[in-house]
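A short worksheet on the structure shown next.
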Amino acid sequence: MPIRKIYLVQPGRDGRFLGRGTMAPYTLMRLASLVPDAVEVQIIDEDLQPLPFDELGPQDLVGITAKTLQIDRARWIATRAQARGAKVIIGGAHATLAPDEVAAWADCVAVGEAYRTWPQMIADFDRGQLQSSYVDTEWANLDFLPPLADRVLRQVDEKRRYWTPYLEITRGCPRSCTFCTAIRVSGAVMRLRPVEQVVEEIERRGIKRFFLTDDNFGLNFRLHPEYMEQLFKALARLPLHGWTCQAELLVGDYPDLLKLARQAHLDKFFIGFESANPNNRRELGGKAKGNVERYREVIQRVHDAGIGVVGLFVFGFDGDTPQIFQSTYDFMRSSDLDSFSITVLTPYVGTPQRAKWIEENRLLPGVPWSLYDTNHVTYYPAQMTHQQLAQGYDWLSRKLYGWNGIASRGLRQLMRHPLRDWPRKAFASFSTDFGYRLECNHREWVPASDGIGHRVRNSIQRGFPSQGGGEMTTSEARDAATG
């Protein structure tokens, strides 16, 4: 039976913010661009529009990409699409890390990157021979990554419909942090896109700002310095307003590259300090050691280059006690960091951290995947109760993301730029803190049977099941949200 249409779905959660989506479907844009021109393809971002189930039939193929926190929603979508006769392929991080679990309910599981296997899936479905699994974990080089198709760019209309476009320049991370999925999802070898390919994509998309999805872009300062120099010089020639990326402490050891990065319009590094507790260094994969004096040194060096620093911190390692929140807050206040990301250690499938805690029987029972969002506690910590970990996280969130703190840090960042640049730098100066404030609202998230759930204000204090006490039905969650 010949294929009629392909639907590529990004499961939703938060909906629109001030009329726009917050997370552009960059992975699906890539996959949609691999679909033959003769086949109709539509990208569905559930935060902006629902999947039209009533249009689906046996000639349609539905592809869903899902992180762990989205996999319950992906299953909800798949069940309803299959009821209409459509075939459903599930890909993304969770399917790659737990393919057997996903295979129990999906028609097909796409393990790995799928750039090589996705065209084969389409052809096999068109012949009525779709297989139950396709694996692409060879981590091929990115030299021949196809460009984003014009029809895809027109359809997504990212500059009008999304706040921040995404871009990928490198892929992979050799760091073996016990809690991280990057090395297991993107491979241990750092792969680089040709610089001319990156420039061409930026120009074709017409984007002036972007966030790099690269797991550890900054590690290339050490691994591939000549490539970084070439890249920065090419980006410096583009009329960009600014961009941000993820990095690690070692970027502070390369002043010449920092200078070039600033000339290339880089606004901020999101640096994984991970912990201010040196007792956790064995779990941090070699990129941080809990040495706060080293942290201060790197922050100063990056600031001297005119680039901002967002500090990324994780709480709940086995070396952490309840005092970790106050000690980290004390460091943050004196650190001159431009913004902060705080997350709860989360035992994702496929990681050594989760395997260890399963063996030790330390996972909290009854926690749905939708709460594996780094805002919720999903396990029993070693040196505090799970309630203390949650309460400490809530306390620190209130300290960091109050309006006065957001305003003062944003103004401090803006003041680094000449007055003439303020109009194009204002968004980046305030948006990071504001985004993290919104992210902390997920602590009041009540899971539901639709795989999404709802935010219920004061739900923590009111005793709703946000810490492993099971799910509400969708109607119950909506009643709670309005009651």
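Quick note on naming: the chains in the structure tokens go A, B, ... in the order shown, residues restart at 1 in each chain, and ligands are numbered from 1 in order of appearance.
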Considering only C-alpha atoms, return as a PDB file with C-alpha atoms, in the first residue's frame whatever protein or nucleic-acid residues lie within 10 Å of Arg80 of chain A, sequence-local ones (same chain, fewer than 5 positions apart) excluded.
```pdb
ATOM      1  CA  PHE A  53      -5.953  11.943  14.461  1.00  0.00           C
ATOM      2  CA  ASP A  54      -9.122  12.010  12.350  1.00  0.00           C
ATOM      3  CA  LEU A  56      -4.881   9.303   9.873  1.00  0.00           C
ATOM      4  CA  ARG A  75       2.858   6.255  23.903  1.00  0.00           C
ATOM      5  CA  GLY A  85      -4.590   2.230  11.258  1.00  0.00           C
ATOM      6  CA  ALA A  86      -1.390   4.309  11.016  1.00  0.00           C
TER       7      ALA A  86
END
```
Check which residues of segment 43-145 of chain A sit at most 8 Å from segment 356-378 of chain A using only C-alpha atoms, and return one row each with the closest pair of atoms and their distance in Å to one decimal, ordered by chain and rising number, as a Markdown table.
```
| residue | atom | partner | partner_atom | distance |
| --- | --- | --- | --- | --- |
| A:Thr68 | CA | A:Trp369 | CA | 6.1 |
| A:Leu69 | CA | A:Ser370 | CA | 4.1 |
| A:Gln70 | CA | A:Ser370 | CA | 6.0 |
| A:Ile71 | CA | A:Trp369 | CA | 6.8 |
| A:Asp72 | CA | A:Trp369 | CA | 6.3 |
| A:Arg73 | CA | A:Ser370 | CA | 7.9 |
```
Residues of segment 70-154 of chain A classed as helix (DSSP H, G or I) by DSSP on the backbone are to be reported as a tab-separated table (two decimals) with C-alpha atoms, in the first residue's frame.
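What ended up in states.tsv:
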```tsv
chain	number	residue	atom	x	y	z
A	70	GLN	CA	8.09	12.79	26.78
A	71	ILE	CA	7.88	9.03	26.31
A	72	ASP	CA	4.59	8.60	28.20
A	73	ARG	CA	3.03	11.20	25.92
A	74	ALA	CA	4.57	9.49	22.89
A	75	ARG	CA	2.86	6.26	23.90
A	76	TRP	CA	-0.48	8.08	24.34
A	77	ILE	CA	-0.14	9.51	20.81
A	78	ALA	CA	0.96	6.17	19.36
A	79	THR	CA	-2.03	4.29	20.78
A	80	ARG	CA	-4.49	6.69	19.17
A	81	ALA	CA	-2.65	6.81	15.86
A	82	GLN	CA	-2.51	3.00	15.70
A	83	ALA	CA	-6.25	2.87	16.39
A	93	ALA	CA	16.96	9.41	23.38
A	94	HIS	CA	14.61	7.14	25.32
A	95	ALA	CA	14.08	4.73	22.42
A	96	THR	CA	17.84	4.55	21.92
A	97	LEU	CA	18.50	3.83	25.59
A	99	PRO	CA	14.53	-0.02	22.86
A	100	ASP	CA	12.99	-3.17	24.33
A	101	GLU	CA	10.63	-1.16	26.51
A	102	VAL	CA	9.48	0.97	23.58
A	103	ALA	CA	9.19	-2.06	21.25
A	118	TRP	CA	15.20	6.91	8.17
A	119	PRO	CA	15.13	6.83	4.33
A	120	GLN	CA	15.12	3.02	4.55
A	121	MET	CA	12.17	3.08	6.95
A	122	ILE	CA	10.20	5.23	4.52
A	123	ALA	CA	10.99	2.94	1.59
A	124	ASP	CA	10.14	-0.20	3.59
A	125	PHE	CA	6.82	1.23	4.76
A	126	ASP	CA	5.97	2.19	1.19
A	150	ASP	CA	13.12	24.72	1.66
A	151	ARG	CA	9.65	23.24	2.16
A	152	VAL	CA	10.57	22.35	5.74
A	153	LEU	CA	11.83	25.85	6.50
A	154	ARG	CA	8.65	27.37	5.07
```
Next on the checklist: Just to confirm, what's the straight-line distance from atom CA of Ile89 of chain A to atom CA of Val135 of chain A in Å (one decimal)?
Outcome noted: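 That distance, rounded to one decimal, is 12.5 Å.
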Next on the checklist: Just want the 7 Å neighbourhood of Leu61 of chain A, counted on only C-alpha atoms, with same-chain residues fewer than 4 positions away dropped. Output as a PyMOL selection string.
Outcome noted: chain A and resi 5-7+86-88
Could you save those same residues with C-alpha atoms as a CSV table (one decimal), in the first residue's frame?
```csv
chain,number,residue,atom,x,y,z
A,5,LYS,CA,1.7,11.2,4.2
A,6,ILE,CA,4.3,11.3,6.9
A,7,TYR,CA,3.6,13.0,10.3
A,86,ALA,CA,-1.4,4.3,11.0
A,87,LYS,CA,2.0,2.8,11.7
A,88,VAL,CA,4.1,4.5,14.4
```
Close residues, segment 192-201 of chain A itself excluded, 9 Å, only C-alpha atoms, min 3 positions apart in chain, as an mmCIF file with N, CA and C atoms, in the first residue's frame:
```
data_model
loop_
_atom_site.group_PDB
_atom_site.id
_atom_site.type_symbol
_atom_site.label_atom_id
_atom_site.label_comp_id
_atom_site.auth_asym_id
_atom_site.auth_seq_id
_atom_site.Cartn_x
_atom_site.Cartn_y
_atom_site.Cartn_z
ATOM 1 N N ASN A 141 30.429 10.407 10.296
ATOM 2 C CA ASN A 141 30.824 11.815 10.272
ATOM 3 C C ASN A 141 29.707 12.656 9.663
ATOM 4 N N LEU A 142 29.793 13.955 9.882
ATOM 5 C CA LEU A 142 28.704 14.855 9.510
ATOM 6 C C LEU A 142 28.988 15.618 8.219
ATOM 7 N N ASP A 143 29.992 15.179 7.461
ATOM 8 C CA ASP A 143 30.378 15.907 6.254
ATOM 9 C C ASP A 143 29.253 16.000 5.238
ATOM 10 N N PHE A 144 28.456 14.952 5.162
ATOM 11 C CA PHE A 144 27.447 14.899 4.105
ATOM 12 C C PHE A 144 26.021 15.009 4.661
ATOM 13 N N LEU A 145 25.891 15.694 5.792
ATOM 14 C CA LEU A 145 24.567 15.919 6.363
ATOM 15 C C LEU A 145 23.743 16.749 5.385
ATOM 16 N N PRO A 147 21.216 19.316 3.635
ATOM 17 C CA PRO A 147 20.715 20.614 4.097
ATOM 18 C C PRO A 147 19.229 20.542 4.431
ATOM 19 N N LEU A 148 18.785 21.469 5.253
ATOM 20 C CA LEU A 148 17.358 21.568 5.558
ATOM 21 C C LEU A 148 16.610 21.971 4.293
ATOM 22 N N LEU A 167 20.496 25.096 16.601
ATOM 23 C CA LEU A 167 21.482 24.767 15.583
ATOM 24 C C LEU A 167 22.438 23.737 16.172
ATOM 25 N N GLU A 168 22.954 22.879 15.312
ATOM 26 C CA GLU A 168 23.961 21.907 15.722
ATOM 27 C C GLU A 168 25.202 22.089 14.862
ATOM 28 N N ILE A 169 26.369 22.160 15.526
ATOM 29 C CA ILE A 169 27.635 22.293 14.810
ATOM 30 C C ILE A 169 28.514 21.067 15.031
ATOM 31 N N THR A 170 28.522 20.548 16.249
ATOM 32 C CA THR A 170 29.293 19.338 16.548
ATOM 33 C C THR A 170 28.386 18.336 17.249
ATOM 34 N N ARG A 171 28.826 17.092 17.288
ATOM 35 C CA ARG A 171 28.028 16.063 17.960
ATOM 36 C C ARG A 171 28.954 15.051 18.618
ATOM 37 N N ARG A 204 20.851 30.457 4.974
ATOM 38 C CA ARG A 204 19.602 30.025 4.341
ATOM 39 C C ARG A 204 18.425 30.181 5.287
ATOM 40 N N ARG A 205 18.642 29.909 6.554
ATOM 41 C CA ARG A 205 17.556 30.047 7.536
ATOM 42 C C ARG A 205 17.305 31.496 7.904
ATOM 43 N N GLY A 206 18.261 32.348 7.668
ATOM 44 C CA GLY A 206 18.089 33.764 7.980
ATOM 45 C C GLY A 206 18.014 34.041 9.470
ATOM 46 N N TYR A 227 39.975 23.830 14.141
ATOM 47 C CA TYR A 227 38.601 23.893 13.629
ATOM 48 C C TYR A 227 37.852 25.054 14.275
ATOM 49 N N GLN A 230 38.829 28.380 12.800
ATOM 50 C CA GLN A 230 38.217 28.562 11.479
ATOM 51 C C GLN A 230 36.734 28.882 11.602
ATOM 52 N N LEU A 231 36.041 28.167 12.490
ATOM 53 C CA LEU A 231 34.608 28.394 12.683
ATOM 54 C C LEU A 231 34.338 29.801 13.189
ATOM 55 N N ALA A 234 34.719 32.484 10.630
ATOM 56 C CA ALA A 234 33.619 32.482 9.656
ATOM 57 C C ALA A 234 32.353 33.097 10.249
ATOM 58 N N LEU A 235 32.050 32.766 11.504
ATOM 59 C CA LEU A 235 30.854 33.319 12.151
ATOM 60 C C LEU A 235 30.993 34.819 12.393
ATOM 61 N N LEU A 238 29.379 37.048 9.857
ATOM 62 C CA LEU A 238 27.922 37.027 9.706
ATOM 63 C C LEU A 238 27.269 38.092 10.584
#
```
Next on the checklist: DSSP on the backbone, strand (DSSP E or B) only: what residues of segment 127-353 of chain A does that give? Format it as a ChimeraX atom specification.
Outcome noted: /A:133-136,162,166-167,170-171,191-192,209-212,242-247,266-274,308-315,339-344
Print the selection's residues with N, CA and C atoms to a file, as a compact mmCIF listing (two decimals), in the first residue's frame.
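Dumped everything to out_27.txt:
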```txt
# COMPACT_ATOMS: atom_id res chain seq x y z
N SER A 133 12.56 -2.82 13.97
CA SER A 133 13.67 -2.07 14.54
C SER A 133 14.70 -1.71 13.48
N TYR A 134 15.25 -0.51 13.62
CA TYR A 134 16.34 -0.05 12.76
C TYR A 134 17.39 0.59 13.67
N VAL A 135 18.65 0.25 13.44
CA VAL A 135 19.72 0.71 14.33
C VAL A 135 20.75 1.51 13.54
N ASP A 136 21.04 2.71 14.01
CA ASP A 136 22.06 3.56 13.42
C ASP A 136 22.93 4.12 14.54
N TYR A 162 8.80 30.58 16.87
CA TYR A 162 9.61 30.13 18.01
C TYR A 162 10.49 31.26 18.53
N TYR A 166 17.25 26.61 17.05
CA TYR A 166 18.32 25.70 17.45
C TYR A 166 19.25 25.45 16.27
N LEU A 167 20.50 25.10 16.60
CA LEU A 167 21.48 24.77 15.58
C LEU A 167 22.44 23.74 16.17
N THR A 170 28.52 20.55 16.25
CA THR A 170 29.29 19.34 16.55
C THR A 170 28.39 18.34 17.25
N ARG A 171 28.83 17.09 17.29
CA ARG A 171 28.03 16.06 17.96
C ARG A 171 28.95 15.05 18.62
N ARG A 191 32.32 14.72 16.62
CA ARG A 191 32.22 14.87 15.17
C ARG A 191 31.89 16.31 14.81
N LEU A 192 32.42 16.78 13.71
CA LEU A 192 32.35 18.20 13.35
C LEU A 192 31.69 18.39 11.99
N ARG A 209 19.95 34.77 15.86
CA ARG A 209 20.26 34.22 17.18
C ARG A 209 20.04 32.72 17.13
N PHE A 210 20.78 31.98 17.95
CA PHE A 210 20.52 30.54 18.04
C PHE A 210 21.15 29.98 19.30
N PHE A 211 20.63 28.83 19.69
CA PHE A 211 21.20 28.06 20.80
C PHE A 211 21.75 26.77 20.21
N LEU A 212 23.02 26.48 20.52
CA LEU A 212 23.62 25.25 20.02
C LEU A 212 23.14 24.06 20.85
N GLY A 242 23.74 37.20 18.32
CA GLY A 242 24.33 36.49 19.44
C GLY A 242 23.90 35.03 19.44
N TRP A 243 24.68 34.21 20.15
CA TRP A 243 24.35 32.79 20.26
C TRP A 243 24.95 32.25 21.55
N THR A 244 24.49 31.09 21.97
CA THR A 244 24.93 30.48 23.22
C THR A 244 25.23 29.00 22.99
N CYS A 245 26.03 28.43 23.90
CA CYS A 245 26.41 27.03 23.73
C CYS A 245 26.77 26.42 25.08
N GLN A 246 26.86 25.09 25.12
CA GLN A 246 27.27 24.37 26.31
C GLN A 246 28.78 24.10 26.27
N ALA A 247 29.39 24.17 27.45
CA ALA A 247 30.84 24.05 27.51
C ALA A 247 31.25 23.47 28.85
N LEU A 266 29.52 35.27 20.14
CA LEU A 266 29.09 34.38 21.23
C LEU A 266 28.71 35.21 22.45
N ASP A 267 27.52 34.99 22.98
CA ASP A 267 27.03 35.72 24.15
C ASP A 267 27.39 35.03 25.46
N LYS A 268 27.11 33.71 25.54
CA LYS A 268 27.23 33.01 26.81
C LYS A 268 27.71 31.58 26.62
N PHE A 269 28.50 31.14 27.57
CA PHE A 269 28.76 29.73 27.76
C PHE A 269 27.86 29.20 28.87
N PHE A 270 27.22 28.06 28.64
CA PHE A 270 26.55 27.32 29.70
C PHE A 270 27.56 26.28 30.18
N ILE A 271 28.22 26.57 31.31
CA ILE A 271 29.33 25.74 31.75
C ILE A 271 28.89 24.77 32.84
N GLY A 272 29.22 23.50 32.64
CA GLY A 272 28.84 22.46 33.60
C GLY A 272 29.79 22.41 34.78
N PHE A 273 29.55 23.26 35.77
CA PHE A 273 30.30 23.16 37.03
C PHE A 273 29.85 21.91 37.80
N GLU A 274 28.59 21.57 37.62
CA GLU A 274 27.95 20.35 38.14
C GLU A 274 27.79 20.35 39.66
N GLY A 308 29.53 35.97 28.65
CA GLY A 308 28.82 35.63 29.87
C GLY A 308 28.97 34.17 30.25
N VAL A 309 28.66 33.87 31.51
CA VAL A 309 28.76 32.49 32.01
C VAL A 309 27.48 32.13 32.77
N VAL A 310 26.84 31.07 32.32
CA VAL A 310 25.72 30.47 33.03
C VAL A 310 26.25 29.22 33.73
N GLY A 311 26.09 29.14 35.03
CA GLY A 311 26.58 28.00 35.79
C GLY A 311 25.55 26.90 35.90
N LEU A 312 25.91 25.68 35.52
CA LEU A 312 25.01 24.53 35.59
C LEU A 312 25.39 23.69 36.80
N PHE A 313 24.41 23.45 37.70
CA PHE A 313 24.66 22.72 38.93
C PHE A 313 23.63 21.61 39.12
N VAL A 314 24.11 20.46 39.60
CA VAL A 314 23.26 19.29 39.83
C VAL A 314 23.31 18.96 41.32
N PHE A 315 22.16 18.61 41.89
CA PHE A 315 22.08 18.30 43.32
C PHE A 315 21.55 16.89 43.54
N SER A 339 23.99 33.75 35.32
CA SER A 339 22.75 33.04 35.54
C SER A 339 23.09 31.66 36.07
N PHE A 340 22.04 30.93 36.50
CA PHE A 340 22.25 29.63 37.11
C PHE A 340 21.20 28.65 36.61
N SER A 341 21.64 27.42 36.37
CA SER A 341 20.72 26.32 36.13
C SER A 341 20.91 25.32 37.27
N ILE A 342 19.82 25.02 37.97
CA ILE A 342 19.90 24.02 39.03
C ILE A 342 18.96 22.87 38.69
N THR A 343 19.47 21.66 38.81
CA THR A 343 18.69 20.48 38.49
C THR A 343 18.88 19.42 39.55
N VAL A 344 17.90 18.53 39.64
CA VAL A 344 17.99 17.38 40.52
C VAL A 344 18.61 16.22 39.74
```
Checklist entry - atom CA of Ser408 of chain A and atom CA of Asp14 of chain A are how many Å apart? => result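 Computing it gives 26.9 Å between the two atoms.
Of the listed residues (A:Met384, A:Ile64, A:Ala106, A:Leu419), A:Ile64 comes nearest to Gly92 of chain A; the distances count only C-alpha atoms.
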Next on the checklist: Please determine, counting only C-alpha atoms, which residue among A:Lys208, A:Arg84, A:His265, A:Arg222 has the shortest atom-to-atom distance to Trp163 of chain A.
Outcome noted: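 Nearest candidate to Trp163 of chain A out of A:Lys208, A:Arg84, A:His265, A:Arg222: A:Lys208.
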Item to check | Option closest in space to Thr178 of chain A, from A:Arg443, A:His454, A:Arg354, A:Arg4 [counting only C-alpha atoms] | outcome: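 The shortest atom-to-atom distance to Thr178 of chain A comes from A:Arg354.
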Item to check | Residue contacts of Val302 of chain A (12 Å, only C-alpha atoms) excluding same-chain residues fewer than 4 positions away, as a ChimeraX atom specification | outcome: /A:247-262,266-271,295-298,306-310,336-338
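Proximity to Gln353 of chain A was assessed for A:Phe179, A:Trp105, A:Gly112, A:Trp445 counting only C-alpha atoms; the smallest distance is recorded for A:Phe179.
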Item to check | Non-local contacts of segment 388-403 of chain A (7 Å; only C-alpha atoms; under 4 positions in same chain excluded) as a list of chain:residue names | outcome: A:Gly316, A:Pro322, A:Phe325, A:Val377, A:Met384, A:Ala407, A:Asp433, A:Arg437, A:Cys440
Checklist outcome for this item: Using only C-alpha atoms, the best pick from A:Met332, A:Leu51, A:Leu31, A:Leu240 as closest to Val9 of chain A would be A:Leu51
Item to check | One-decimal distance in Å that lies between atom CA of Gly91 of chain A and atom CA of Ala110 of chain A | outcome: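 Those two atoms sit 4.7 Å apart.
Distance check against Thr117 of chain A using only C-alpha atoms: of A:Val189, A:Leu34, A:Met228, A:Ala98, the minimum falls on A:Leu34.
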Wanna dump the segment 180-267 of chain A-segment 137-140 of chain A contacts at 10 Å for me, each residue with its shortest atom pair and the distance in Å to one decimal, counting only C-alpha atoms, ordered by chain and number, as a Markdown table?
```
| residue | atom | partner | partner_atom | distance |
| --- | --- | --- | --- | --- |
| A:Arg184 | CA | A:Thr137 | CA | 9.5 |
| A:Val185 | CA | A:Thr137 | CA | 8.4 |
| A:Ser186 | CA | A:Trp139 | CA | 7.1 |
| A:Gly187 | CA | A:Trp139 | CA | 6.2 |
| A:Ala188 | CA | A:Trp139 | CA | 8.8 |
| A:Val189 | CA | A:Trp139 | CA | 7.9 |
| A:Met190 | CA | A:Trp139 | CA | 9.4 |
| A:Arg191 | CA | A:Ala140 | CA | 8.2 |
```
